[in-house]
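A.B. asks: The file below is final_33.csv, CSV, N, CA and C atoms:
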chain,number,residue,atom,x,y,z
A,52,MET,N,-73.3,240.9,-67.5
A,52,MET,CA,-72.8,239.8,-66.7
A,52,MET,C,-72.4,238.7,-67.5
A,53,ALA,N,-71.3,238.1,-67.3
A,53,ALA,CA,-70.7,237.0,-68.1
A,53,ALA,C,-71.4,235.7,-67.7
A,54,GLY,N,-71.5,234.8,-68.6
A,54,GLY,CA,-72.1,233.5,-68.4
A,54,GLY,C,-71.1,232.6,-67.8
A,55,PRO,N,-71.5,231.3,-67.7
A,55,PRO,CA,-70.5,230.3,-67.1
A,55,PRO,C,-69.3,230.2,-68.0
A,56,LEU,N,-68.2,229.7,-67.4
A,56,LEU,CA,-67.0,229.4,-68.1
A,56,LEU,C,-67.3,228.3,-69.1
A,57,LEU,N,-66.8,228.5,-70.3
A,57,LEU,CA,-67.0,227.5,-71.4
A,57,LEU,C,-65.6,227.0,-71.7
A,58,VAL,N,-65.4,225.7,-71.3
A,58,VAL,CA,-64.2,225.0,-71.5
A,58,VAL,C,-64.3,224.2,-72.8
A,59,GLY,N,-63.2,224.3,-73.6
A,59,GLY,CA,-63.2,223.6,-74.9
A,59,GLY,C,-62.0,222.7,-75.0
A,60,VAL,N,-62.3,221.5,-75.7
A,60,VAL,CA,-61.2,220.5,-75.9
A,60,VAL,C,-61.2,220.2,-77.4
A,61,PRO,N,-60.2,220.7,-78.1
A,61,PRO,CA,-60.0,220.3,-79.5
A,61,PRO,C,-59.3,219.0,-79.6
A,62,THR,N,-59.4,218.3,-80.7
A,62,THR,CA,-58.6,217.1,-81.0
A,62,THR,C,-57.1,217.6,-81.1
A,63,GLU,N,-56.2,216.8,-80.5
A,63,GLU,CA,-54.8,217.1,-80.6
A,63,GLU,C,-54.3,216.9,-82.0
A,64,ILE,N,-53.5,217.8,-82.5
A,64,ILE,CA,-53.0,217.7,-83.9
A,64,ILE,C,-51.5,217.5,-84.0
A,65,LYS,N,-50.8,217.6,-82.9
A,65,LYS,CA,-49.4,217.3,-82.9
A,65,LYS,C,-49.1,215.9,-83.4
A,66,ALA,N,-48.2,215.6,-84.2
A,66,ALA,CA,-47.9,214.3,-84.7
A,66,ALA,C,-47.6,213.3,-83.5
A,67,ASP,N,-48.2,212.1,-83.7
A,67,ASP,CA,-48.0,211.1,-82.7
A,67,ASP,C,-48.6,211.3,-81.3
A,68,GLU,N,-49.6,212.3,-81.2
A,68,GLU,CA,-50.2,212.6,-80.0
A,68,GLU,C,-51.6,212.1,-80.0
A,69,GLY,N,-52.0,211.1,-79.2
A,69,GLY,CA,-53.4,210.6,-79.2
A,69,GLY,C,-54.1,210.8,-78.0
A,70,ARG,N,-53.5,211.5,-77.0
A,70,ARG,CA,-54.2,211.7,-75.7
A,70,ARG,C,-55.2,212.8,-75.9
A,71,VAL,N,-56.1,212.9,-74.9
A,71,VAL,CA,-57.1,214.0,-74.8
A,71,VAL,C,-57.0,214.7,-73.5
A,72,ALA,N,-57.2,216.0,-73.4
A,72,ALA,CA,-56.9,216.8,-72.2
A,72,ALA,C,-57.9,216.5,-71.1
A,73,ILE,N,-59.1,216.1,-71.4
A,73,ILE,CA,-60.1,215.9,-70.3
A,73,ILE,C,-60.9,214.6,-70.6
A,74,THR,N,-61.1,213.9,-69.5
A,74,THR,CA,-61.9,212.6,-69.6
A,74,THR,C,-63.3,213.0,-69.2
A,75,PRO,N,-64.2,212.0,-69.4
A,75,PRO,CA,-65.6,212.2,-69.0
A,75,PRO,C,-65.8,212.6,-67.5
A,76,ASP,N,-64.9,212.0,-66.7
A,76,ASP,CA,-65.0,212.3,-65.2
A,76,ASP,C,-64.6,213.8,-65.0
A,77,GLY,N,-63.6,214.3,-65.8
A,77,GLY,CA,-63.3,215.7,-65.7
A,77,GLY,C,-64.4,216.6,-66.2
A,78,VAL,N,-65.1,216.2,-67.2
A,78,VAL,CA,-66.3,216.9,-67.7
A,78,VAL,C,-67.3,217.0,-66.6
A,79,ARG,N,-67.6,215.9,-65.9
A,79,ARG,CA,-68.6,216.0,-64.8
A,79,ARG,C,-68.1,216.9,-63.7
A,80,GLU,N,-66.8,216.9,-63.4
A,80,GLU,CA,-66.3,217.8,-62.3
A,80,GLU,C,-66.5,219.3,-62.7
A,81,LEU,N,-66.1,219.6,-64.0
A,81,LEU,CA,-66.3,220.9,-64.5
A,81,LEU,C,-67.8,221.4,-64.5
A,82,LEU,N,-68.7,220.5,-64.9
A,82,LEU,CA,-70.1,220.8,-64.8
A,82,LEU,C,-70.5,221.1,-63.4
A,83,HIS,N,-70.1,220.2,-62.5
A,83,HIS,CA,-70.4,220.4,-61.1
A,83,HIS,C,-69.9,221.7,-60.5
A,84,ALA,N,-68.8,222.3,-61.1
A,84,ALA,CA,-68.3,223.5,-60.6
A,84,ALA,C,-68.9,224.7,-61.4
A,85,GLY,N,-69.9,224.4,-62.3
A,85,GLY,CA,-70.6,225.5,-63.0
A,85,GLY,C,-70.1,225.8,-64.4
A,86,ALA,N,-69.2,225.1,-64.9
A,86,ALA,CA,-68.7,225.4,-66.2
A,86,ALA,C,-69.5,224.6,-67.2
A,87,GLU,N,-69.3,224.9,-68.5
A,87,GLU,CA,-69.9,224.1,-69.6
A,87,GLU,C,-68.7,223.6,-70.4
A,88,VAL,N,-68.9,222.5,-71.1
A,88,VAL,CA,-67.7,221.9,-71.8
A,88,VAL,C,-68.1,221.5,-73.2
A,89,LEU,N,-67.2,221.9,-74.1
A,89,LEU,CA,-67.3,221.6,-75.5
A,89,LEU,C,-66.2,220.6,-75.8
A,90,ILE,N,-66.5,219.5,-76.5
A,90,ILE,CA,-65.5,218.5,-77.0
A,90,ILE,C,-65.6,218.4,-78.5
A,91,GLN,N,-64.5,218.5,-79.2
A,91,GLN,CA,-64.5,218.3,-80.6
A,91,GLN,C,-64.8,216.9,-80.9
A,92,THR,N,-65.6,216.6,-81.9
A,92,THR,CA,-65.9,215.3,-82.4
A,92,THR,C,-64.7,214.4,-82.5
A,93,ASP,N,-64.7,213.3,-81.9
A,93,ASP,CA,-63.6,212.3,-81.9
A,93,ASP,C,-62.4,212.7,-81.2
A,94,ALA,N,-62.4,213.7,-80.4
A,94,ALA,CA,-61.2,214.2,-79.7
A,94,ALA,C,-60.6,213.1,-78.8
A,95,GLY,N,-61.5,212.2,-78.3
A,95,GLY,CA,-61.0,211.1,-77.4
A,95,GLY,C,-60.9,209.8,-78.0
A,96,THR,N,-61.1,209.7,-79.3
A,96,THR,CA,-61.0,208.4,-80.0
A,96,THR,C,-59.7,207.7,-79.8
A,97,ASP,N,-58.6,208.4,-80.0
A,97,ASP,CA,-57.3,207.7,-79.8
A,97,ASP,C,-57.0,207.3,-78.4
A,98,SER,N,-57.8,207.8,-77.4
A,98,SER,CA,-57.6,207.5,-76.0
A,98,SER,C,-58.7,206.5,-75.6
A,99,SER,N,-59.4,205.9,-76.6
A,99,SER,CA,-60.5,205.0,-76.4
A,99,SER,C,-61.7,205.6,-75.6
A,100,ILE,N,-61.9,206.9,-75.8
A,100,ILE,CA,-63.1,207.5,-75.2
A,100,ILE,C,-64.0,208.0,-76.3
A,101,PRO,N,-65.1,207.3,-76.5
A,101,PRO,CA,-66.0,207.7,-77.6
A,101,PRO,C,-66.8,209.0,-77.2
A,102,ASP,N,-67.3,209.7,-78.3
A,102,ASP,CA,-68.1,210.9,-78.0
A,102,ASP,C,-69.3,210.6,-77.1
A,103,ASP,N,-69.9,209.4,-77.2
A,103,ASP,CA,-71.1,209.2,-76.4
A,103,ASP,C,-70.7,209.2,-74.9
A,104,ASP,N,-69.5,208.8,-74.5
A,104,ASP,CA,-69.1,208.9,-73.1
A,104,ASP,C,-69.1,210.4,-72.7
A,105,TYR,N,-68.6,211.2,-73.5
A,105,TYR,CA,-68.6,212.7,-73.2
A,105,TYR,C,-70.0,213.2,-73.1
A,106,ARG,N,-70.9,212.8,-74.1
A,106,ARG,CA,-72.3,213.3,-74.0
A,106,ARG,C,-72.9,212.8,-72.7
A,107,ARG,N,-72.7,211.6,-72.3
A,107,ARG,CA,-73.4,211.1,-71.1
A,107,ARG,C,-72.8,211.9,-69.9
A,108,ALA,N,-71.6,212.3,-70.0
A,108,ALA,CA,-71.0,213.1,-68.9
A,108,ALA,C,-71.6,214.6,-68.8
A,109,GLY,N,-72.2,215.0,-70.0
A,109,GLY,CA,-72.8,216.3,-70.0
A,109,GLY,C,-72.1,217.3,-71.0
A,110,ALA,N,-71.1,216.8,-71.7
A,110,ALA,CA,-70.4,217.7,-72.6
A,110,ALA,C,-71.3,217.9,-73.9
A,111,THR,N,-71.0,219.0,-74.6
A,111,THR,CA,-71.6,219.2,-75.9
A,111,THR,C,-70.5,218.9,-76.9
A,112,ILE,N,-70.9,218.0,-77.9
A,112,ILE,CA,-69.9,217.7,-78.9
A,112,ILE,C,-70.1,218.6,-80.1
A,113,VAL,N,-69.0,219.2,-80.6
A,113,VAL,CA,-69.0,220.1,-81.7
A,113,VAL,C,-68.2,219.5,-82.8
A,114,ALA,N,-68.5,219.9,-84.1
A,114,ALA,CA,-67.9,219.3,-85.2
A,114,ALA,C,-66.5,219.7,-85.5
A,115,THR,N,-66.1,220.9,-85.2
A,115,THR,CA,-64.7,221.3,-85.6
A,115,THR,C,-63.9,221.9,-84.5
A,116,ALA,N,-62.6,221.9,-84.7
A,116,ALA,CA,-61.7,222.6,-83.8
A,116,ALA,C,-62.0,224.1,-83.8
A,117,ALA,N,-62.2,224.6,-85.0
A,117,ALA,CA,-62.5,226.0,-85.1
A,117,ALA,C,-63.6,226.5,-84.2
A,118,GLU,N,-64.7,225.7,-84.1
A,118,GLU,CA,-65.8,226.0,-83.2
A,118,GLU,C,-65.4,225.9,-81.7
A,119,VAL,N,-64.6,225.0,-81.4
A,119,VAL,CA,-64.1,224.9,-80.0
A,119,VAL,C,-63.3,226.2,-79.7
A,120,TRP,N,-62.3,226.5,-80.5
A,120,TRP,CA,-61.5,227.7,-80.3
A,120,TRP,C,-62.3,229.0,-80.3
A,121,GLU,N,-63.3,229.1,-81.1
A,121,GLU,CA,-64.1,230.3,-81.2
A,121,GLU,C,-65.0,230.5,-80.0
A,122,ARG,N,-65.6,229.4,-79.5
A,122,ARG,CA,-66.6,229.5,-78.5
A,122,ARG,C,-66.0,229.5,-77.1
A,123,ALA,N,-65.0,228.7,-76.9
A,123,ALA,CA,-64.5,228.5,-75.5
A,123,ALA,C,-63.7,229.7,-74.9
A,124,GLY,N,-63.8,229.9,-73.6
A,124,GLY,CA,-63.0,230.9,-73.0
A,124,GLY,C,-61.7,230.3,-72.4
A,125,LEU,N,-61.7,229.0,-72.2
A,125,LEU,CA,-60.6,228.2,-71.8
A,125,LEU,C,-60.5,227.0,-72.7
A,126,VAL,N,-59.4,226.9,-73.4
A,126,VAL,CA,-59.1,225.7,-74.2
A,126,VAL,C,-58.1,224.8,-73.5
A,127,CYS,N,-58.4,223.6,-73.4
A,127,CYS,CA,-57.5,222.6,-72.7
A,127,CYS,C,-56.9,221.7,-73.8
A,128,LYS,N,-55.6,221.5,-73.7
A,128,LYS,CA,-54.8,220.7,-74.7
A,128,LYS,C,-53.8,219.8,-73.9
A,129,VAL,N,-53.4,218.7,-74.5
A,129,VAL,CA,-52.3,217.9,-73.9
A,129,VAL,C,-51.0,218.6,-74.3
A,130,LYS,N,-50.8,218.9,-75.5
A,130,LYS,CA,-49.5,219.4,-76.0
A,130,LYS,C,-49.7,220.9,-76.3
A,131,GLU,N,-48.6,221.6,-76.5
A,131,GLU,CA,-48.5,223.0,-76.8
A,131,GLU,C,-49.3,223.3,-78.1
A,132,PRO,N,-49.9,224.4,-78.2
A,132,PRO,CA,-50.6,224.8,-79.5
A,132,PRO,C,-49.6,224.7,-80.6
A,133,GLN,N,-50.0,224.2,-81.7
A,133,GLN,CA,-49.2,224.1,-83.0
A,133,GLN,C,-49.4,225.4,-83.8
A,134,ALA,N,-48.5,225.6,-84.7
A,134,ALA,CA,-48.5,226.9,-85.5
A,134,ALA,C,-49.8,227.1,-86.2
A,135,SER,N,-50.4,226.0,-86.7
A,135,SER,CA,-51.7,226.1,-87.4
A,135,SER,C,-52.8,226.6,-86.4
A,136,GLU,N,-52.6,226.5,-85.1
A,136,GLU,CA,-53.7,226.9,-84.2
A,136,GLU,C,-53.5,228.3,-83.7
A,137,PHE,N,-52.3,228.9,-84.0
A,137,PHE,CA,-52.1,230.3,-83.5
A,137,PHE,C,-53.1,231.3,-83.9
A,138,GLY,N,-53.7,231.1,-85.1
A,138,GLY,CA,-54.7,232.0,-85.6
A,138,GLY,C,-55.9,232.0,-84.8
A,139,HIS,N,-56.1,231.1,-83.9
A,139,HIS,CA,-57.3,231.0,-83.1
A,139,HIS,C,-57.1,231.9,-81.8
A,140,PHE,N,-55.9,232.3,-81.5
A,140,PHE,CA,-55.7,233.1,-80.3
A,140,PHE,C,-56.4,234.4,-80.4
A,141,ARG,N,-56.9,234.9,-79.3
A,141,ARG,CA,-57.6,236.1,-79.2
A,141,ARG,C,-57.5,236.7,-77.8
A,142,PRO,N,-57.7,238.0,-77.6
A,142,PRO,CA,-57.6,238.6,-76.3
A,142,PRO,C,-58.7,237.9,-75.4
A,143,GLY,N,-58.2,237.6,-74.2
A,143,GLY,CA,-59.1,237.0,-73.2
A,143,GLY,C,-59.1,235.5,-73.2
A,144,LEU,N,-58.7,234.8,-74.2
A,144,LEU,CA,-58.6,233.4,-74.3
A,144,LEU,C,-57.5,232.8,-73.4
A,145,VAL,N,-57.9,231.8,-72.6
A,145,VAL,CA,-56.9,231.1,-71.8
A,145,VAL,C,-56.7,229.7,-72.4
A,146,VAL,N,-55.4,229.4,-72.6
A,146,VAL,CA,-55.0,228.1,-73.1
A,146,VAL,C,-54.3,227.3,-72.0
A,147,PHE,N,-54.8,226.2,-71.7
A,147,PHE,CA,-54.1,225.3,-70.6
A,147,PHE,C,-53.5,224.1,-71.4
A,148,THR,N,-52.2,223.9,-71.2
A,148,THR,CA,-51.6,222.6,-71.7
A,148,THR,C,-50.8,222.0,-70.5
A,149,TYR,N,-50.5,220.8,-70.7
A,149,TYR,CA,-49.8,220.1,-69.6
A,149,TYR,C,-48.3,220.2,-69.9
A,150,LEU,N,-47.5,220.4,-68.8
A,150,LEU,CA,-46.1,220.4,-68.9
A,150,LEU,C,-45.5,219.0,-68.9
A,151,HIS,N,-44.6,218.8,-69.8
A,151,HIS,CA,-43.9,217.5,-70.0
A,151,HIS,C,-42.5,217.7,-69.6
A,152,LEU,N,-42.1,217.7,-68.4
A,152,LEU,CA,-40.8,218.1,-67.9
A,152,LEU,C,-39.8,217.0,-68.0
A,153,ALA,N,-40.3,215.7,-68.0
A,153,ALA,CA,-39.3,214.6,-68.0
A,153,ALA,C,-38.4,214.6,-69.2
A,154,ALA,N,-38.9,215.1,-70.3
A,154,ALA,CA,-38.1,215.1,-71.6
A,154,ALA,C,-37.0,216.1,-71.4
Could I get this file's structure written as structure tokens?
C.D. replies:
Amino acid sequence: MAGPLLVGVPTEIKADEGRVAITPDGVRELLHAGAEVLIQTDAGTDSSIPDDDYRRAGATIVATAAEVWERAGLVCKVKEPQASEFGHFRPGLVVFTYLHLAA
């Protein structure tokens, strides 16, 4: 039997991208739905969201993007995965990114 969905949020690495895919309110909603959430250390810093806000919302803070990618079943990003992240792809992993259609 599989455990709860583990959602992971790595720090965005695309140049000039400072947003983060999930806010603390989003963490609370995911937890309420039965998921667990991993946030990479300082993932929200450029969006003025400190790690402590994520901790208070119930997320687990992890040190590296590699740990997020390794442990999560669903990885959420603002921008498309970058070439340096392709090595983290594995069967069964779901990657969610936002569409930026205005451009």
A.B. asks: Got a sec: who's within 7 Å of Arg122 (chain A), counting all atoms listed in the file, leaving out chain neighbours fewer than 4 positions off, as a PyMOL selection string?
C.D. replies: chain A and resi 57-59+117-118
A.B. asks: Select, from A:Ala108, A:Thr92, A:Phe137, A:Lys128, the residue with the minimum atom-to-atom distance to Gly77 (chain A), counting all atoms listed in the file.
C.D. replies: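 For Gly77 (chain A), the nearest of the given residues is A:Ala108.
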A.B. asks: Please, what distance in Å, to one decimal, runs between CA of Gly124 (chain A) and CA of Arg107 (chain A)?
C.D. replies: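 Separation between CA of Gly124 (chain A) and CA of Arg107 (chain A): 22.4 Å.
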A.B. asks: Counting all atoms listed in the file, which of A:Gly138, A:Leu82, A:Pro61, A:Asp93 gets nearest to Val126 (chain A)?
C.D. replies: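 Among the listed residues, the smallest separation from Val126 (chain A) belongs to A:Pro61.
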A.B. asks: Could you work out how far CA of Thr96 (chain A) lies from CA of His139 (chain A), giving the answer in Å with one decimal?
C.D. replies: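 Those two atoms sit 23.1 Å apart.
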A.B. asks: Could you please determine the separation between atom C of Asp76 (chain A) and CA of Ser135 (chain A) in Å, to one decimal place?
C.D. replies: 28.6 Å
A.B. asks: Go through A:Leu150, A:Ala94, A:Ala53, A:Ala110 and flag the residue nearest Lys130 (chain A), using all atoms listed in the file for the distances.
C.D. replies: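 Looking at the shortest contact to Lys130 (chain A), the residue is A:Leu150.
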A.B. asks: Go through A:Ala84, A:Pro142, A:Val129, A:Gly109 one by one, measure the shortest atom-to-atom distance of each to Thr62 (chain A) using all atoms listed in the file, and give the residue with the smallest value.
C.D. replies: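 The shortest atom-to-atom distance to Thr62 (chain A) comes from A:Val129.
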A.B. asks: Could you pull out the helix (DSSP H, G or I) residues of chain A, going by DSSP on the backbone, and write them as a VMD selection string?
C.D. replies: chain A and resid 75 to 83 96 to 98 102 to 108 116 to 122 134 to 139
A.B. asks: Can you put all heavy atoms back into region 114-125 of chain A and show it as a PDB file, in the coordinates of the input?
C.D. replies:
ATOM      1  N   ALA A 114     -68.500 219.900 -84.100  1.00  0.00           N
ATOM      2  CA  ALA A 114     -67.900 219.300 -85.200  1.00  0.00           C
ATOM      3  C   ALA A 114     -66.500 219.700 -85.500  1.00  0.00           C
ATOM      4  O   ALA A 114     -65.701 218.826 -85.988  1.00  0.00           O
ATOM      5  CB  ALA A 114     -68.751 219.646 -86.478  1.00  0.00           C
ATOM      6  N   THR A 115     -66.100 220.900 -85.200  1.00  0.00           N
ATOM      7  CA  THR A 115     -64.700 221.300 -85.600  1.00  0.00           C
ATOM      8  C   THR A 115     -63.900 221.900 -84.500  1.00  0.00           C
ATOM      9  O   THR A 115     -64.458 222.463 -83.528  1.00  0.00           O
ATOM     10  CB  THR A 115     -64.838 222.381 -86.745  1.00  0.00           C
ATOM     11  OG1 THR A 115     -65.445 223.565 -86.196  1.00  0.00           O
ATOM     12  CG2 THR A 115     -65.649 221.872 -87.924  1.00  0.00           C
ATOM     13  N   ALA A 116     -62.600 221.900 -84.700  1.00  0.00           N
ATOM     14  CA  ALA A 116     -61.700 222.600 -83.800  1.00  0.00           C
ATOM     15  C   ALA A 116     -62.000 224.100 -83.800  1.00  0.00           C
ATOM     16  O   ALA A 116     -61.895 224.731 -82.742  1.00  0.00           O
ATOM     17  CB  ALA A 116     -60.253 222.248 -84.097  1.00  0.00           C
ATOM     18  N   ALA A 117     -62.200 224.600 -85.000  1.00  0.00           N
ATOM     19  CA  ALA A 117     -62.500 226.000 -85.100  1.00  0.00           C
ATOM     20  C   ALA A 117     -63.600 226.500 -84.200  1.00  0.00           C
ATOM     21  O   ALA A 117     -63.561 227.523 -83.514  1.00  0.00           O
ATOM     22  CB  ALA A 117     -62.774 226.414 -86.521  1.00  0.00           C
ATOM     23  N   GLU A 118     -64.700 225.700 -84.100  1.00  0.00           N
ATOM     24  CA  GLU A 118     -65.800 226.000 -83.200  1.00  0.00           C
ATOM     25  C   GLU A 118     -65.400 225.900 -81.700  1.00  0.00           C
ATOM     26  O   GLU A 118     -65.785 226.796 -80.923  1.00  0.00           O
ATOM     27  CB  GLU A 118     -66.979 225.057 -83.441  1.00  0.00           C
ATOM     28  CG  GLU A 118     -68.197 225.453 -82.642  1.00  0.00           C
ATOM     29  CD  GLU A 118     -69.441 224.662 -82.963  1.00  0.00           C
ATOM     30  OE1 GLU A 118     -69.399 223.771 -83.838  1.00  0.00           O
ATOM     31  OE2 GLU A 118     -70.477 224.924 -82.326  1.00  0.00           O
ATOM     32  N   VAL A 119     -64.600 225.000 -81.400  1.00  0.00           N
ATOM     33  CA  VAL A 119     -64.100 224.900 -80.000  1.00  0.00           C
ATOM     34  C   VAL A 119     -63.300 226.200 -79.700  1.00  0.00           C
ATOM     35  O   VAL A 119     -63.543 226.838 -78.649  1.00  0.00           O
ATOM     36  CB  VAL A 119     -63.181 223.649 -79.765  1.00  0.00           C
ATOM     37  CG1 VAL A 119     -62.463 223.718 -78.419  1.00  0.00           C
ATOM     38  CG2 VAL A 119     -63.992 222.380 -79.871  1.00  0.00           C
ATOM     39  N   TRP A 120     -62.300 226.500 -80.500  1.00  0.00           N
ATOM     40  CA  TRP A 120     -61.500 227.700 -80.300  1.00  0.00           C
ATOM     41  C   TRP A 120     -62.300 229.000 -80.300  1.00  0.00           C
ATOM     42  O   TRP A 120     -62.032 229.857 -79.466  1.00  0.00           O
ATOM     43  CB  TRP A 120     -60.400 227.761 -81.350  1.00  0.00           C
ATOM     44  CG  TRP A 120     -59.277 226.800 -81.188  1.00  0.00           C
ATOM     45  CD1 TRP A 120     -59.116 225.597 -81.826  1.00  0.00           C
ATOM     46  CD2 TRP A 120     -58.126 226.955 -80.351  1.00  0.00           C
ATOM     47  NE1 TRP A 120     -57.943 225.003 -81.435  1.00  0.00           N
ATOM     48  CE2 TRP A 120     -57.317 225.814 -80.536  1.00  0.00           C
ATOM     49  CE3 TRP A 120     -57.707 227.951 -79.476  1.00  0.00           C
ATOM     50  CZ2 TRP A 120     -56.110 225.636 -79.868  1.00  0.00           C
ATOM     51  CZ3 TRP A 120     -56.503 227.781 -78.806  1.00  0.00           C
ATOM     52  CH2 TRP A 120     -55.726 226.639 -79.000  1.00  0.00           C
ATOM     53  N   GLU A 121     -63.300 229.100 -81.100  1.00  0.00           N
ATOM     54  CA  GLU A 121     -64.100 230.300 -81.200  1.00  0.00           C
ATOM     55  C   GLU A 121     -65.000 230.500 -80.000  1.00  0.00           C
ATOM     56  O   GLU A 121     -65.128 231.605 -79.504  1.00  0.00           O
ATOM     57  CB  GLU A 121     -64.949 230.235 -82.483  1.00  0.00           C
ATOM     58  CG  GLU A 121     -65.828 231.456 -82.674  1.00  0.00           C
ATOM     59  CD  GLU A 121     -66.705 231.341 -83.911  1.00  0.00           C
ATOM     60  OE1 GLU A 121     -66.223 230.817 -84.932  1.00  0.00           O
ATOM     61  OE2 GLU A 121     -67.874 231.765 -83.833  1.00  0.00           O
ATOM     62  N   ARG A 122     -65.600 229.400 -79.500  1.00  0.00           N
ATOM     63  CA  ARG A 122     -66.600 229.500 -78.500  1.00  0.00           C
ATOM     64  C   ARG A 122     -66.000 229.500 -77.100  1.00  0.00           C
ATOM     65  O   ARG A 122     -66.590 230.116 -76.142  1.00  0.00           O
ATOM     66  CB  ARG A 122     -67.654 228.451 -78.638  1.00  0.00           C
ATOM     67  CG  ARG A 122     -68.508 228.636 -79.884  1.00  0.00           C
ATOM     68  CD  ARG A 122     -69.526 227.530 -80.063  1.00  0.00           C
ATOM     69  NE  ARG A 122     -70.386 227.375 -78.885  1.00  0.00           N
ATOM     70  CZ  ARG A 122     -71.214 226.352 -78.715  1.00  0.00           C
ATOM     71  NH1 ARG A 122     -71.317 225.409 -79.633  1.00  0.00           N
ATOM     72  NH2 ARG A 122     -71.946 226.263 -77.621  1.00  0.00           N
ATOM     73  N   ALA A 123     -65.000 228.700 -76.900  1.00  0.00           N
ATOM     74  CA  ALA A 123     -64.500 228.500 -75.500  1.00  0.00           C
ATOM     75  C   ALA A 123     -63.700 229.700 -74.900  1.00  0.00           C
ATOM     76  O   ALA A 123     -62.995 230.405 -75.680  1.00  0.00           O
ATOM     77  CB  ALA A 123     -63.571 227.273 -75.478  1.00  0.00           C
ATOM     78  N   GLY A 124     -63.800 229.900 -73.600  1.00  0.00           N
ATOM     79  CA  GLY A 124     -63.000 230.900 -73.000  1.00  0.00           C
ATOM     80  C   GLY A 124     -61.700 230.300 -72.400  1.00  0.00           C
ATOM     81  O   GLY A 124     -60.736 230.979 -72.166  1.00  0.00           O
ATOM     82  N   LEU A 125     -61.700 229.000 -72.200  1.00  0.00           N
ATOM     83  CA  LEU A 125     -60.600 228.200 -71.800  1.00  0.00           C
ATOM     84  C   LEU A 125     -60.500 227.000 -72.700  1.00  0.00           C
ATOM     85  O   LEU A 125     -61.412 226.183 -72.759  1.00  0.00           O
ATOM     86  CB  LEU A 125     -60.789 227.751 -70.310  1.00  0.00           C
ATOM     87  CG  LEU A 125     -59.814 226.703 -69.761  1.00  0.00           C
ATOM     88  CD1 LEU A 125     -58.392 227.261 -69.721  1.00  0.00           C
ATOM     89  CD2 LEU A 125     -60.247 226.249 -68.374  1.00  0.00           C
TER      90      LEU A 125
END
